[in-house]
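Asker: The structure is given below, and queries will be raised subsequently.
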Amino acid sequence: PSHKRRVTIGKYFDNYLSNYKQKDVRSIRNALNKFLEFLQNPNLSLSSLNQLHIEKFRHYLVYDAGLNGETPYSYWKRFKKVLINAEKEGYIKDSVFKKVRWESKDKKAESTLTKQVLTEEEIQKLKTTYCGNDEVKRAFLFACYTGLGYAEFKSLTWKKA
């Protein structure tokens with residue numbers, strides 16, 4: 001539709017962020033800000049994005065953005081998440097980003113984002129292993145069985161149950 005072709009990148013990002021309710025909103029915001037910093041033109045229409053913009057942004061994240069460790073790859077994943085949403089809503093074509101693959105100077109960064117999961121046998125072994133602080137041990141085992149992170153279960157109270 002013609003009204004979607006006129007939506008600027010800045011307006012789309014603002015709208016996306018205002019409707020985004022997941023916990024990684026800060027990371028999404030940072031990734032989109034890096035893209036706007038790279039692009040230097042938030043008034044460019046979203047529909048005019050092309051594959052070259054995306055490839056140059058990938059290069060920018062890896063070499064020129066001043067980021068290190070797993071941050072460039074994290075920003076890349078979140079940026080692609082927004083592009084996938086824009087494609088689903090009909091603002092861009094999927095060919096703009098689907099052909100662009102992540103390549104980094106540090107291959108470890110890509111593998112560090114995958115979480116290592118303990119097996120049931122390893123958790124059972126931890127239950128019987130001595131720990132100097134029993135409260136820490138119980139908290140860790142609680143996190144293993146519930147999938148909650150430390151910050152999440154630390155804020156739990158009986159009122160929230």
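Letters A, B, ... mark the chains of the structure tokens in the order given; residue numbers begin at 1 per chain; ligand numbers begin at 1, in order shown.
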Running DSSP on the backbone, which parts of range 16-74 of chain A land in alpha helix (DSSP H), as an NGL selection string?
Answerer: :A and (16-19 or 25-39 or 51-59 or 71-74)
Asker: Leaving out Lys23 in chain A and any residue of its chain fewer than 4 positions from it, which residues lie within 12 Å of it when counting only C-alpha atoms, given as a PDB file with C-alpha atoms, in the first residue's frame?
Answerer:
```pdb
ATOM      1  CA  LEU A  17       9.520   0.246  20.258  1.00  0.00           C
ATOM      2  CA  SER A  27      18.703  -4.143  23.502  1.00  0.00           C
ATOM      3  CA  ILE A  28      16.279  -3.640  20.619  1.00  0.00           C
ATOM      4  CA  ARG A  29      16.412   0.125  21.173  1.00  0.00           C
ATOM      5  CA  ALA A 151      16.842 -11.161  38.787  1.00  0.00           C
ATOM      6  CA  GLU A 152      13.444 -12.725  38.134  1.00  0.00           C
TER       7      GLU A 152
END
```
Asker: For Ile84 in chain A, list every protein, DNA or RNA residue within 12 Å, evaluated using only C-alpha atoms, and leave out those in the same chain fewer than 2 positions away; present the list as a VMD selection string.
Answerer: chain A and resid 16 77 to 82 86 to 98
Asker: Show me, as a PyMOL selection string, the residues that have an atom within 9 Å of Arg58 in chain A when counting only C-alpha atoms, minus same-chain residues fewer than 3 positions from it.
Answerer: chain A and resi 53-55+61-63+72-73+76+100-104
Asker: Using only N, CA, C and O atoms, please write the residues we just selected to a file, as a PDB file, in the first residue's frame.
Answerer:
```pdb
ATOM      1  N   HIS A  53      22.202  -1.545   1.991  1.00  0.00           N
ATOM      2  CA  HIS A  53      22.122  -0.909   3.307  1.00  0.00           C
ATOM      3  C   HIS A  53      22.372  -1.932   4.417  1.00  0.00           C
ATOM      4  O   HIS A  53      23.114  -1.668   5.364  1.00  0.00           O
ATOM      5  N   ILE A  54      21.741  -3.079   4.280  1.00  0.00           N
ATOM      6  CA  ILE A  54      21.829  -4.116   5.313  1.00  0.00           C
ATOM      7  C   ILE A  54      23.251  -4.667   5.387  1.00  0.00           C
ATOM      8  O   ILE A  54      23.809  -4.855   6.468  1.00  0.00           O
ATOM      9  N   GLU A  55      23.874  -4.918   4.233  1.00  0.00           N
ATOM     10  CA  GLU A  55      25.244  -5.426   4.207  1.00  0.00           C
ATOM     11  C   GLU A  55      26.222  -4.421   4.809  1.00  0.00           C
ATOM     12  O   GLU A  55      27.123  -4.789   5.566  1.00  0.00           O
ATOM     13  N   LEU A  61      28.655  -2.744  12.113  1.00  0.00           N
ATOM     14  CA  LEU A  61      28.580  -3.338  13.450  1.00  0.00           C
ATOM     15  C   LEU A  61      29.881  -4.042  13.815  1.00  0.00           C
ATOM     16  O   LEU A  61      30.368  -3.919  14.943  1.00  0.00           O
ATOM     17  N   VAL A  62      30.433  -4.764  12.865  1.00  0.00           N
ATOM     18  CA  VAL A  62      31.618  -5.566  13.152  1.00  0.00           C
ATOM     19  C   VAL A  62      32.876  -4.708  13.265  1.00  0.00           C
ATOM     20  O   VAL A  62      33.687  -4.904  14.166  1.00  0.00           O
ATOM     21  N   TYR A  63      33.034  -3.740  12.369  1.00  0.00           N
ATOM     22  CA  TYR A  63      34.319  -3.046  12.266  1.00  0.00           C
ATOM     23  C   TYR A  63      34.313  -1.574  12.710  1.00  0.00           C
ATOM     24  O   TYR A  63      35.337  -1.083  13.169  1.00  0.00           O
ATOM     25  N   PRO A  72      28.023  -6.965  18.781  1.00  0.00           N
ATOM     26  CA  PRO A  72      27.620  -6.769  17.382  1.00  0.00           C
ATOM     27  C   PRO A  72      26.630  -7.834  16.900  1.00  0.00           C
ATOM     28  O   PRO A  72      25.639  -7.518  16.242  1.00  0.00           O
ATOM     29  N   TYR A  73      26.891  -9.086  17.254  1.00  0.00           N
ATOM     30  CA  TYR A  73      26.000 -10.165  16.827  1.00  0.00           C
ATOM     31  C   TYR A  73      24.642 -10.048  17.500  1.00  0.00           C
ATOM     32  O   TYR A  73      23.606 -10.283  16.876  1.00  0.00           O
ATOM     33  N   TRP A  76      22.782  -7.371  15.760  1.00  0.00           N
ATOM     34  CA  TRP A  76      22.388  -7.871  14.441  1.00  0.00           C
ATOM     35  C   TRP A  76      21.124  -8.717  14.548  1.00  0.00           C
ATOM     36  O   TRP A  76      20.188  -8.551  13.768  1.00  0.00           O
ATOM     37  N   VAL A 100      21.385 -11.593   3.342  1.00  0.00           N
ATOM     38  CA  VAL A 100      22.539 -11.089   4.078  1.00  0.00           C
ATOM     39  C   VAL A 100      22.776 -11.981   5.286  1.00  0.00           C
ATOM     40  O   VAL A 100      21.930 -12.101   6.153  1.00  0.00           O
ATOM     41  N   ARG A 101      23.931 -12.605   5.316  1.00  0.00           N
ATOM     42  CA  ARG A 101      24.290 -13.514   6.404  1.00  0.00           C
ATOM     43  C   ARG A 101      25.329 -12.863   7.308  1.00  0.00           C
ATOM     44  O   ARG A 101      26.155 -12.080   6.859  1.00  0.00           O
ATOM     45  N   TRP A 102      25.293 -13.238   8.571  1.00  0.00           N
ATOM     46  CA  TRP A 102      26.234 -12.699   9.529  1.00  0.00           C
ATOM     47  C   TRP A 102      27.628 -13.262   9.286  1.00  0.00           C
ATOM     48  O   TRP A 102      27.807 -14.460   9.127  1.00  0.00           O
ATOM     49  N   GLU A 103      28.580 -12.383   9.247  1.00  0.00           N
ATOM     50  CA  GLU A 103      29.988 -12.769   9.175  1.00  0.00           C
ATOM     51  C   GLU A 103      30.718 -11.861  10.135  1.00  0.00           C
ATOM     52  O   GLU A 103      30.541 -10.652  10.096  1.00  0.00           O
ATOM     53  N   SER A 104      31.519 -12.454  10.986  1.00  0.00           N
ATOM     54  CA  SER A 104      32.226 -11.612  11.951  1.00  0.00           C
ATOM     55  C   SER A 104      33.702 -11.944  11.945  1.00  0.00           C
ATOM     56  O   SER A 104      34.131 -12.992  11.468  1.00  0.00           O
TER      57      SER A 104
END
```
Asker: Find, counting only C-alpha atoms, the residue in A:Asn85, A:Thr8, A:Ser74, A:Asn50 that gets nearest to Leu36 in chain A.
Answerer: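 Of A:Asn85, A:Thr8, A:Ser74, A:Asn50, the one nearest Leu36 in chain A, counting only C-alpha atoms, is A:Thr8.
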